[in-house]
$ cat model.csv   # CSV, C-alpha atoms
chain,number,residue,atom,x,y,z
A,10,MET,CA,0.0,0.0,0.0
A,11,ARG,CA,1.4,3.4,-1.0
A,12,ILE,CA,1.2,6.2,1.5
A,13,ASP,CA,1.6,9.7,0.3
A,14,ASP,CA,1.9,12.9,2.3
A,15,ALA,CA,-1.7,13.9,1.9
A,16,TYR,CA,-2.9,10.5,3.2
A,17,LEU,CA,-0.4,10.6,6.1
A,18,ASP,CA,-1.4,14.2,7.0
A,19,ALA,CA,-5.1,13.1,7.1
A,20,PHE,CA,-4.2,10.1,9.2
A,21,GLU,CA,-2.2,12.1,11.7
A,22,ASP,CA,-5.1,14.6,11.8
A,23,ASP,CA,-7.3,11.7,12.8
A,24,MET,CA,-4.8,10.5,15.4
A,25,VAL,CA,-4.9,13.9,17.0
A,26,ARG,CA,-8.6,14.4,16.8
A,27,LEU,CA,-9.5,11.0,18.2
A,28,SER,CA,-6.9,11.3,21.0
A,29,ARG,CA,-8.8,14.4,22.2
A,30,ARG,CA,-12.0,12.4,22.9
A,31,PRO,CA,-13.2,12.3,26.5
A,32,TYR,CA,-12.1,8.7,27.0
A,33,ALA,CA,-13.9,8.4,30.4
A,34,VAL,CA,-17.3,8.6,28.8
A,35,THR,CA,-16.7,7.8,25.1
A,36,GLY,CA,-17.0,4.5,23.3
A,37,VAL,CA,-13.6,3.8,21.7
A,38,PRO,CA,-13.4,1.2,19.0
A,39,MET,CA,-10.2,-0.9,19.0
A,40,TYR,CA,-8.8,-4.0,17.4
A,41,LEU,CA,-7.4,-6.8,19.6
A,42,VAL,CA,-5.2,-9.6,18.2
A,43,PRO,CA,-5.5,-13.0,19.7
A,44,GLU,CA,-2.3,-14.6,20.9
A,45,ASP,CA,-2.0,-18.2,22.1
A,46,LEU,CA,0.9,-18.3,24.7
A,47,THR,CA,0.4,-22.0,25.2
A,48,GLY,CA,1.9,-22.7,21.8
A,49,GLN,CA,-0.7,-25.4,21.2
A,50,ASN,CA,-2.2,-23.9,18.0
A,51,PRO,CA,-0.6,-23.4,14.7
A,52,ASP,CA,-0.3,-19.9,13.3
A,53,PRO,CA,-3.5,-19.1,11.3
A,54,ALA,CA,-3.4,-18.7,7.6
A,55,PRO,CA,-3.8,-15.2,6.1
A,56,ASP,CA,-7.2,-14.0,4.7
A,57,PRO,CA,-7.9,-11.2,2.2
A,58,GLU,CA,-9.6,-8.8,4.6
A,59,GLY,CA,-7.0,-9.4,7.2
A,60,MET,CA,-4.2,-8.9,4.6
A,61,ALA,CA,-5.7,-5.5,3.6
A,62,LEU,CA,-5.9,-4.3,7.2
A,63,ALA,CA,-2.4,-5.5,8.0
A,64,GLU,CA,-1.0,-3.9,4.9
A,65,GLU,CA,-2.5,-0.5,5.9
A,66,PHE,CA,-1.3,-0.9,9.4
A,67,GLU,CA,2.2,-1.7,8.3
A,68,ALA,CA,2.3,1.0,5.7
A,69,VAL,CA,1.2,3.7,8.2
A,70,CYS,CA,3.6,2.4,10.8
A,71,ALA,CA,6.5,2.6,8.3
A,72,ALA,CA,5.5,6.1,7.0
A,73,LEU,CA,5.0,7.5,10.5
A,74,ALA,CA,8.4,6.2,11.6
A,75,LEU,CA,10.0,7.7,8.5
A,76,ARG,CA,8.3,11.1,9.2
A,77,ASN,CA,8.5,11.3,13.0
A,78,GLY,CA,11.2,8.9,14.1
A,79,PRO,CA,10.9,5.5,15.8
A,80,LEU,CA,7.4,4.4,16.7
A,81,THR,CA,6.2,4.6,20.3
A,82,SER,CA,3.6,2.4,22.0
A,83,ILE,CA,1.3,5.4,22.0
A,84,ASP,CA,1.7,5.6,18.2
A,85,ILE,CA,0.6,2.0,17.8
A,86,SER,CA,-2.4,2.6,19.9
A,87,ARG,CA,-3.4,5.8,18.0
A,88,ILE,CA,-2.9,4.0,14.6
A,89,LEU,CA,-5.1,1.1,15.6
A,90,GLU,CA,-7.7,3.5,17.0
A,91,VAL,CA,-7.8,5.4,13.7
A,92,LEU,CA,-8.1,2.2,11.7
A,93,ALA,CA,-10.9,0.9,13.9
A,94,ASP,CA,-12.7,4.2,13.7
A,95,ARG,CA,-12.5,4.1,9.9
A,96,HIS,CA,-13.2,0.5,9.2
A,97,PHE,CA,-15.6,-0.8,11.9
A,98,LEU,CA,-18.6,0.6,10.0
A,99,ASP,CA,-19.5,2.1,6.7
A,100,VAL,CA,-19.1,5.5,8.3
A,101,PRO,CA,-16.4,6.6,10.8
A,102,PHE,CA,-17.5,5.4,14.2
A,103,SER,CA,-16.6,8.8,15.7
A,104,SER,CA,-19.1,10.5,13.4
A,105,LEU,CA,-21.8,8.9,15.6
A,106,ALA,CA,-20.5,10.6,18.7
A,107,GLY,CA,-21.5,13.9,20.3
A,108,GLY,CA,-24.3,15.9,18.7
A,109,ALA,CA,-24.1,14.1,15.4
A,110,ALA,CA,-27.4,12.9,14.0
B,211,MET,CA,1.0,5.1,29.7
B,212,ILE,CA,1.4,2.0,27.6
B,213,ARG,CA,4.2,-0.3,28.5
B,214,LEU,CA,5.3,-3.2,26.2
B,215,PRO,CA,7.5,-6.2,26.9
B,216,ARG,CA,9.2,-5.7,23.5
B,217,SER,CA,10.1,-2.7,21.4
B,218,PRO,CA,7.2,-0.8,19.6
B,219,THR,CA,8.7,-1.7,16.3
B,220,GLN,CA,8.7,-5.4,17.1
B,221,THR,CA,5.3,-5.2,18.6
B,222,ALA,CA,3.9,-3.6,15.5
B,223,ALA,CA,5.4,-6.4,13.4
B,224,GLU,CA,3.8,-9.0,15.6
B,225,LEU,CA,0.5,-7.3,15.5
B,226,ALA,CA,0.7,-7.1,11.7
B,227,ARG,CA,1.2,-10.8,11.6
B,228,GLY,CA,-1.9,-11.3,13.7
B,229,LEU,CA,-4.0,-8.8,11.7
B,230,ARG,CA,-3.1,-10.6,8.5
B,231,SER,CA,-5.0,-13.7,9.5
B,232,GLY,CA,-8.2,-11.8,9.9
B,233,ARG,CA,-8.6,-13.4,13.4
B,234,VAL,CA,-9.2,-10.1,15.2
B,235,PHE,CA,-11.6,-9.1,17.9
B,236,ARG,CA,-13.3,-5.8,17.6
B,237,LEU,CA,-13.8,-4.0,20.9
B,238,ILE,CA,-15.6,-0.8,21.9
B,239,ASN,CA,-14.1,0.3,25.1
B,240,PHE,CA,-16.4,2.2,27.5
B,241,HIS,CA,-15.8,3.4,31.0
B,242,ALA,CA,-18.5,5.5,32.6
B,243,THR,CA,-21.6,5.7,30.5
B,244,PRO,CA,-23.7,8.6,31.8
B,245,SER,CA,-27.3,9.1,30.7
B,246,THR,CA,-26.4,12.4,29.2
B,247,ARG,CA,-24.7,10.4,26.4
B,248,ARG,CA,-27.5,7.8,26.0
B,249,ASP,CA,-28.5,9.0,22.5
B,250,GLU,CA,-24.8,8.8,21.4
B,251,TYR,CA,-24.4,5.3,22.7
B,252,ARG,CA,-27.7,4.3,21.1
B,253,ARG,CA,-26.5,5.6,17.7
B,254,GLU,CA,-23.3,3.7,18.0
B,255,ILE,CA,-24.8,0.4,19.2
B,256,ALA,CA,-27.6,0.6,16.7
B,257,ALA,CA,-25.1,1.2,13.9
B,258,CYS,CA,-23.2,-2.0,14.9
B,259,ALA,CA,-26.3,-4.2,15.0
B,260,GLY,CA,-26.4,-6.5,12.1
B,261,HIS,CA,-22.7,-6.1,11.3
B,262,PHE,CA,-21.3,-8.0,14.2
B,263,SER,CA,-21.9,-11.0,16.4
B,264,SER,CA,-21.3,-11.2,20.2
B,265,LEU,CA,-18.6,-13.3,21.7
B,266,SER,CA,-19.8,-15.8,24.4
B,267,ALA,CA,-17.5,-17.5,26.8
B,268,ALA,CA,-17.9,-20.7,24.8
B,269,ALA,CA,-17.0,-18.9,21.5
B,270,LEU,CA,-14.0,-17.4,23.2
B,271,ASP,CA,-12.7,-20.8,24.2
B,272,ARG,CA,-13.4,-22.1,20.7
B,273,VAL,CA,-11.7,-19.2,18.8
B,274,MET,CA,-8.7,-19.1,21.2
B,275,SER,CA,-8.2,-22.8,20.7
B,276,GLY,CA,-7.8,-22.4,17.0
B,277,GLY,CA,-11.5,-23.0,16.1
B,278,ALA,CA,-13.3,-21.2,13.2
B,279,MET,CA,-14.2,-17.6,13.6
B,280,PRO,CA,-18.0,-16.8,13.5
B,281,GLU,CA,-19.3,-15.7,10.1
B,282,LYS,CA,-19.9,-12.2,11.3
B,283,PRO,CA,-17.0,-10.3,12.9
B,284,MET,CA,-17.2,-10.4,16.7
B,285,LEU,CA,-17.8,-7.3,18.7
B,286,LEU,CA,-17.0,-7.0,22.4
B,287,PRO,CA,-18.4,-4.0,24.2
B,288,ILE,CA,-16.1,-3.7,27.2
B,289,LEU,CA,-17.5,-1.9,30.2
B,290,PHE,CA,-14.5,-0.9,32.4
B,291,GLU,CA,-14.5,0.0,36.1
B,292,GLY,CA,-17.9,-1.3,37.4
B,293,PHE,CA,-19.8,1.9,37.3
B,294,ARG,CA,-23.5,1.9,38.1
B,295,ASP,CA,-24.3,3.7,34.9
B,296,ASN,CA,-23.0,0.8,32.9
B,297,HIS,CA,-26.0,-1.2,34.3
B,298,ASP,CA,-28.5,1.7,34.1
B,299,VAL,CA,-27.6,3.3,30.8
B,300,ILE,CA,-25.7,1.2,28.3
B,301,LEU,CA,-26.6,-2.4,29.3
B,302,PRO,CA,-30.2,-1.9,28.3
B,303,LEU,CA,-29.1,-0.6,24.9
B,304,LEU,CA,-26.7,-3.5,24.3
B,305,GLU,CA,-29.5,-5.9,25.2
B,306,GLU,CA,-31.9,-4.2,23.0
B,307,TYR,CA,-29.6,-4.7,20.0
B,308,GLY,CA,-28.5,-8.2,21.0
B,309,PHE,CA,-25.0,-7.7,22.2
B,310,LYS,CA,-23.3,-9.3,25.2
B,311,ALA,CA,-21.3,-6.9,27.4
B,312,TRP,CA,-18.0,-7.6,29.1
B,313,PHE,CA,-17.8,-6.1,32.6
B,314,PHE,CA,-14.2,-5.5,33.7
B,315,VAL,CA,-14.5,-4.9,37.4
B,316,PRO,CA,-12.1,-3.9,40.2
B,317,SER,CA,-13.9,-6.2,42.7
B,318,HIS,CA,-13.5,-4.2,45.9
B,319,PHE,CA,-15.2,-1.1,44.3
B,320,LEU,CA,-18.5,-3.0,44.6
B,321,ASN,CA,-17.9,-3.6,48.3
B,322,VAL,CA,-17.1,0.0,49.2
B,323,PRO,CA,-20.0,1.6,51.1
B,324,ALA,CA,-21.9,4.1,49.0
B,325,ARG,CA,-20.8,7.0,51.2
B,326,HIS,CA,-17.2,6.3,50.3
B,327,GLN,CA,-17.4,5.3,46.7
B,328,ARG,CA,-16.6,8.7,45.3
B,329,ILE,CA,-13.6,9.0,47.6
B,330,PHE,CA,-12.5,5.5,46.5
B,331,ALA,CA,-12.9,6.4,42.8
B,332,ALA,CA,-10.9,9.6,43.2
B,333,ARG,CA,-8.1,7.8,45.0
B,334,HIS,CA,-8.0,4.9,42.5
B,335,SER,CA,-8.1,6.6,39.1
B,336,LEU,CA,-11.7,5.6,38.5
B,337,GLU,CA,-12.8,8.5,36.3
B,338,TYR,CA,-16.5,9.2,35.7
B,339,GLY,CA,-18.5,12.0,34.0
B,340,PRO,CA,-21.4,13.9,35.5
B,341,ASP,CA,-22.4,12.6,39.0
B,342,GLU,CA,-25.9,11.4,38.3
B,343,TYR,CA,-26.5,9.6,41.6
B,344,ALA,CA,-26.1,12.4,44.2
B,345,GLY,CA,-26.1,10.9,47.7
B,346,ASP,CA,-26.3,7.3,46.3
B,347,ARG,CA,-23.8,4.7,45.1
B,348,ILE,CA,-21.9,5.1,41.8
B,349,ALA,CA,-20.7,1.5,41.6
B,350,LEU,CA,-22.6,-1.5,40.4
B,351,ASN,CA,-23.9,-3.7,43.1
B,352,TRP,CA,-23.5,-7.4,43.2
B,353,THR,CA,-27.2,-8.1,42.5
B,354,GLU,CA,-26.9,-6.1,39.3
B,355,LEU,CA,-23.7,-7.8,38.2
B,356,ARG,CA,-25.1,-11.3,39.0
B,357,ALA,CA,-28.3,-10.6,37.1
B,358,ALA,CA,-26.3,-9.4,34.1
B,359,HIS,CA,-24.1,-12.5,34.3
B,360,ASP,CA,-27.1,-14.7,34.5
B,361,ARG,CA,-28.4,-13.1,31.3
B,362,GLY,CA,-25.2,-14.1,29.5
B,363,HIS,CA,-23.0,-11.0,29.9
B,364,LEU,CA,-19.4,-11.7,30.8
B,365,VAL,CA,-17.3,-10.6,33.8
B,366,ALA,CA,-13.6,-10.2,34.0
B,367,CYS,CA,-11.3,-9.2,36.9
B,368,HIS,CA,-9.7,-5.8,36.6
B,369,SER,CA,-7.6,-6.0,39.8
B,370,ARG,CA,-9.1,-5.5,43.2
B,371,ASN,CA,-8.6,-1.7,43.9
B,372,HIS,CA,-7.8,-0.5,40.3
B,373,THR,CA,-4.2,-0.7,41.1
B,374,ALA,CA,-1.3,-0.6,38.6
B,375,LEU,CA,1.1,-3.5,39.2
B,376,HIS,CA,4.8,-3.0,38.5
B,377,PRO,CA,7.8,-5.3,38.7
B,378,ASP,CA,8.7,-3.8,42.1
B,379,THR,CA,5.2,-4.0,43.5
B,380,PRO,CA,5.4,-5.9,46.9
B,381,ASP,CA,4.2,-9.5,47.1
B,382,ASP,CA,1.3,-8.7,49.5
B,383,VAL,CA,-0.1,-6.1,47.0
B,384,LEU,CA,0.2,-8.5,44.1
B,385,GLN,CA,-1.6,-11.1,46.2
B,386,ASP,CA,-4.4,-8.7,47.0
B,387,GLU,CA,-4.8,-7.4,43.5
B,388,ILE,CA,-4.8,-10.7,41.7
B,389,VAL,CA,-5.6,-13.6,44.1
B,390,VAL,CA,-7.9,-11.9,46.5
B,391,ALA,CA,-9.5,-10.0,43.7
B,392,LYS,CA,-10.4,-13.2,41.9
B,393,GLU,CA,-11.8,-14.8,45.1
B,394,GLU,CA,-13.8,-11.6,45.9
B,395,LEU,CA,-15.2,-11.4,42.4
B,396,GLN,CA,-16.1,-15.0,42.2
B,397,GLN,CA,-17.8,-14.9,45.6
B,398,GLY,CA,-19.8,-11.8,44.8
B,399,LEU,CA,-20.7,-13.1,41.4
B,400,GLY,CA,-21.4,-16.7,42.4
B,401,ALA,CA,-19.5,-17.9,39.3
B,402,LYS,CA,-16.0,-18.7,38.1
B,403,VAL,CA,-14.0,-15.8,36.6
B,404,ASP,CA,-11.0,-16.7,34.5
B,405,THR,CA,-10.2,-13.5,32.6
B,406,PHE,CA,-8.0,-10.7,33.8
B,407,CYS,CA,-7.1,-7.2,32.6
B,408,TYR,CA,-4.2,-5.3,34.2
B,409,LEU,CA,-4.5,-1.6,34.7
B,410,TYR,CA,-3.3,0.4,31.6
B,411,GLY,CA,-3.7,-2.8,29.5
B,412,ALA,CA,-0.3,-4.3,30.4
B,413,GLU,CA,0.6,-7.4,28.4
B,414,TYR,CA,1.9,-10.7,29.7
B,415,GLY,CA,5.7,-10.6,30.0
B,416,LEU,CA,6.0,-7.1,31.6
B,417,ASN,CA,5.7,-8.3,35.2
B,418,PRO,CA,6.8,-12.0,35.7
B,419,ARG,CA,5.8,-12.2,39.4
B,420,ALA,CA,2.3,-10.9,38.6
B,421,ASP,CA,2.1,-13.1,35.6
B,422,ALA,CA,3.0,-16.1,37.7
B,423,LEU,CA,0.2,-15.3,40.2
B,424,LEU,CA,-2.3,-15.0,37.3
B,425,MET,CA,-1.3,-18.5,36.2
B,426,GLN,CA,-1.4,-19.9,39.8
B,427,SER,CA,-4.8,-18.3,40.3
B,428,GLY,CA,-6.2,-20.1,37.3
B,429,PHE,CA,-6.7,-17.1,35.0
B,430,ARG,CA,-6.9,-18.4,31.4
B,431,TYR,CA,-7.1,-15.2,29.4
B,432,LEU,CA,-5.5,-11.7,29.6
B,433,PHE,CA,-6.9,-8.7,27.8
B,434,SER,CA,-4.3,-6.1,27.1
B,435,ASN,CA,-4.1,-2.9,25.0
B,436,PHE,CA,-3.4,-4.7,21.7
B,437,ARG,CA,-3.9,-8.4,22.4
B,438,LEU,CA,-6.1,-11.0,23.9
B,439,GLN,CA,-3.7,-13.6,25.3
B,440,LYS,CA,-4.5,-17.2,26.1
B,441,LEU,CA,-2.4,-18.0,29.2
B,442,GLN,CA,-3.2,-21.6,29.8
$ encode --input "model.csv" --output "structure tokens"
Amino acid sequence: MRIDDAYLDAFEDDMVRLSRRPYAVTGVPMYLVPEDLTGQNPDPAPDPEGMALAEEFEAVCAALALRNGPLTSIDISRILEVLADRHFLDVPFSSLAGGAA
Amino acid sequence: MIRLPRSPTQTAAELARGLRSGRVFRLINFHATPSTRRDEYRREIAACAGHFSSLSAAALDRVMSGGAMPEKPMLLPILFEGFRDNHDVILPLLEEYGFKAWFFVPSHFLNVPARHQRIFAARHSLEYGPDEYAGDRIALNWTELRAAHDRGHLVACHSRNHTALHPDTPDDVLQDEIVVAKEELQQGLGAKVDTFCYLYGAEYGLNPRADALLMQSGFRYLFSNFRLQKLQ
């Protein structure tokens, strides 16, 4: 996936906007990756939808590291929050918040 | 504050591998859910209805054991902290649209007398919005939690006093926040609890002494910021 400056600007705008939500009273969508620490199950095979999400995540991580320096744990959290906000529904999840109709 | 056992770059690479499989859980993390935001919560939950399925305890076991994912993506509405408005405001909405909630509860909060719950909340980083229960309790009570559990909602342990655990946390505090918390939650709920979530979503591997207590106590799953980890 190719990330240009305009895409990355908009992505960082969303990272900032979403980070300013009142987390104490706001519903915050997030992805969670299962991990089997028992080692009893083989690694699952890729699937097309997962591949697309992973590609976008990796591309944004790489582009942000190039622009801002090494990723931080907060960056990872903000990136996943933006992806979840954009992809959970047909409309951004955050567009349903506040006074939006 | 998000602490990770490995570097952010390595963590991102691991998460990308997990995302690639499509085996991901979708969460909506809630904390306090005041009635002043009821319309907002309704819009959000209604928009999710039809797109997602709920994750039962049985389905969690199946998926975490390598079983097939449900046809519809799974949505886990997480209700952190054990606030009363979770029961009064958002739970009815989740039930109206067919979702199962996950209550992540610091067990002792439910045993604090109503008169002292606001003080306890302030001292233990339990942040809520407008105070809608002036003079009354702000925490869930056990009757509400048991009834929700009986209707199929899930309950996880979120420490005992909403305390962050660090590598240098004394043994007696770890014991209280993990072992006693589990016993207290199970006693109040009248059911087994095998899922834990550290404060600030810490992952397995950051705090070996606390992790060992989780295992000894029989916890099977750990929710963290980016992963749902099967411990045993």
$ interface_residues --input "model.csv" --of "chain B" --to "chain A" --cutoff "8 Å" --atoms "only C-alpha atoms" --output "MDAnalysis selection string"
chainID B and resid 211:214 218:219 222:223 225:244 247 250:251 253:254 257:258 261 274:276 337:339 435:442
$ atom_distance --input "model.csv" --atom1 "atom CA of Asp13 of chain A" --atom2 "atom CA of Ser28 of chain A"
22.4 Å
$ closest_residue --input "model.csv" --among "B:Arg370, B:Arg328, B:Lys282, B:His359" --to "Ala401 of chain B" --atoms "only C-alpha atoms"
B:His359
$ residues_around --input "model.csv" --residues "Phe330 of chain B" --least-positions-apart "5" --cutoff "9 Å" --atoms "all atoms listed in the file" --output "list in words"
Phe319, Val322, Ser335, Leu336 and Asn371 of chain B
$ closest_residue --input "model.csv" --among "B:Ala324, B:Asp360, B:Leu289, B:Ala331" --to "Ala344 of chain B" --atoms "all atoms listed in the file"
B:Ala324
$ atom_distance --input "model.csv" --atom1 "atom CA of Asp295 of chain B" --atom2 "atom CA of Val365 of chain B"
16.0 Å
$ residues_near_point --input "model.csv" --point "(-9.7, -3.1, 40.4)" --cutoff "7 Å" --atoms "all atoms listed in the file" --output "compact mmCIF listing (two decimals) with C-alpha atoms, in the frame of the given file"
# COMPACT_ATOMS: atom_id res chain seq x y z
CA VAL B 315 -14.50 -4.90 37.40
CA PRO B 316 -12.10 -3.90 40.20
CA SER B 317 -13.90 -6.20 42.70
CA HIS B 318 -13.50 -4.20 45.90
CA HIS B 368 -9.70 -5.80 36.60
CA SER B 369 -7.60 -6.00 39.80
CA ARG B 370 -9.10 -5.50 43.20
CA ASN B 371 -8.60 -1.70 43.90
CA HIS B 372 -7.80 -0.50 40.30
CA THR B 373 -4.20 -0.70 41.10
$ closest_residue --input "model.csv" --among "B:Arg294, B:Ser263, B:Phe309, B:Asp386" --to "Asp346 of chain B" --atoms "only C-alpha atoms"
B:Arg294
$ decode --input "model.csv" --residues "segment 15-99 of chain A" --atoms "C-alpha atoms" --output "tab-separated table (two decimals), in the first residue's frame"
chain	number	residue	atom	x	y	z
A	15	ALA	CA	-1.75	13.86	1.94
A	16	TYR	CA	-2.86	10.47	3.23
A	17	LEU	CA	-0.43	10.64	6.11
A	18	ASP	CA	-1.45	14.20	6.99
A	19	ALA	CA	-5.09	13.14	7.14
A	20	PHE	CA	-4.16	10.07	9.18
A	21	GLU	CA	-2.21	12.14	11.68
A	22	ASP	CA	-5.09	14.64	11.85
A	23	ASP	CA	-7.34	11.73	12.82
A	24	MET	CA	-4.84	10.48	15.39
A	25	VAL	CA	-4.88	13.89	17.04
A	26	ARG	CA	-8.64	14.36	16.77
A	27	LEU	CA	-9.46	10.96	18.24
A	28	SER	CA	-6.90	11.34	21.03
A	29	ARG	CA	-8.82	14.39	22.21
A	30	ARG	CA	-12.01	12.44	22.89
A	31	PRO	CA	-13.15	12.30	26.52
A	32	TYR	CA	-12.12	8.67	27.02
A	33	ALA	CA	-13.87	8.42	30.40
A	34	VAL	CA	-17.31	8.65	28.78
A	35	THR	CA	-16.71	7.80	25.12
A	36	GLY	CA	-16.99	4.50	23.28
A	37	VAL	CA	-13.61	3.83	21.70
A	38	PRO	CA	-13.36	1.16	18.97
A	39	MET	CA	-10.20	-0.91	18.95
A	40	TYR	CA	-8.75	-4.04	17.38
A	41	LEU	CA	-7.41	-6.83	19.56
A	42	VAL	CA	-5.18	-9.56	18.17
A	43	PRO	CA	-5.50	-13.02	19.74
A	44	GLU	CA	-2.30	-14.62	20.90
A	45	ASP	CA	-1.96	-18.19	22.15
A	46	LEU	CA	0.86	-18.28	24.68
A	47	THR	CA	0.38	-22.02	25.20
A	48	GLY	CA	1.85	-22.71	21.76
A	49	GLN	CA	-0.74	-25.42	21.15
A	50	ASN	CA	-2.25	-23.94	18.01
A	51	PRO	CA	-0.56	-23.38	14.66
A	52	ASP	CA	-0.31	-19.86	13.26
A	53	PRO	CA	-3.53	-19.15	11.33
A	54	ALA	CA	-3.44	-18.67	7.55
A	55	PRO	CA	-3.82	-15.17	6.07
A	56	ASP	CA	-7.19	-14.03	4.74
A	57	PRO	CA	-7.92	-11.25	2.24
A	58	GLU	CA	-9.64	-8.82	4.60
A	59	GLY	CA	-6.98	-9.36	7.22
A	60	MET	CA	-4.24	-8.86	4.63
A	61	ALA	CA	-5.70	-5.49	3.63
A	62	LEU	CA	-5.91	-4.31	7.23
A	63	ALA	CA	-2.41	-5.55	8.01
A	64	GLU	CA	-1.00	-3.86	4.91
A	65	GLU	CA	-2.54	-0.54	5.86
A	66	PHE	CA	-1.30	-0.88	9.44
A	67	GLU	CA	2.23	-1.74	8.33
A	68	ALA	CA	2.32	1.02	5.73
A	69	VAL	CA	1.15	3.66	8.19
A	70	CYS	CA	3.62	2.44	10.83
A	71	ALA	CA	6.47	2.64	8.34
A	72	ALA	CA	5.46	6.06	7.00
A	73	LEU	CA	5.04	7.53	10.47
A	74	ALA	CA	8.41	6.18	11.58
A	75	LEU	CA	9.98	7.75	8.49
A	76	ARG	CA	8.32	11.08	9.21
A	77	ASN	CA	8.52	11.28	13.00
A	78	GLY	CA	11.22	8.87	14.11
A	79	PRO	CA	10.89	5.51	15.83
A	80	LEU	CA	7.37	4.36	16.67
A	81	THR	CA	6.21	4.60	20.26
A	82	SER	CA	3.64	2.44	22.01
A	83	ILE	CA	1.27	5.40	21.96
A	84	ASP	CA	1.71	5.64	18.17
A	85	ILE	CA	0.63	2.01	17.82
A	86	SER	CA	-2.42	2.63	19.95
A	87	ARG	CA	-3.39	5.76	18.01
A	88	ILE	CA	-2.88	4.04	14.65
A	89	LEU	CA	-5.12	1.13	15.63
A	90	GLU	CA	-7.73	3.54	16.98
A	91	VAL	CA	-7.84	5.40	13.65
A	92	LEU	CA	-8.06	2.16	11.66
A	93	ALA	CA	-10.86	0.91	13.90
A	94	ASP	CA	-12.67	4.23	13.65
A	95	ARG	CA	-12.47	4.14	9.87
A	96	HIS	CA	-13.17	0.47	9.24
A	97	PHE	CA	-15.60	-0.85	11.85
A	98	LEU	CA	-18.60	0.59	10.03
A	99	ASP	CA	-19.48	2.13	6.68
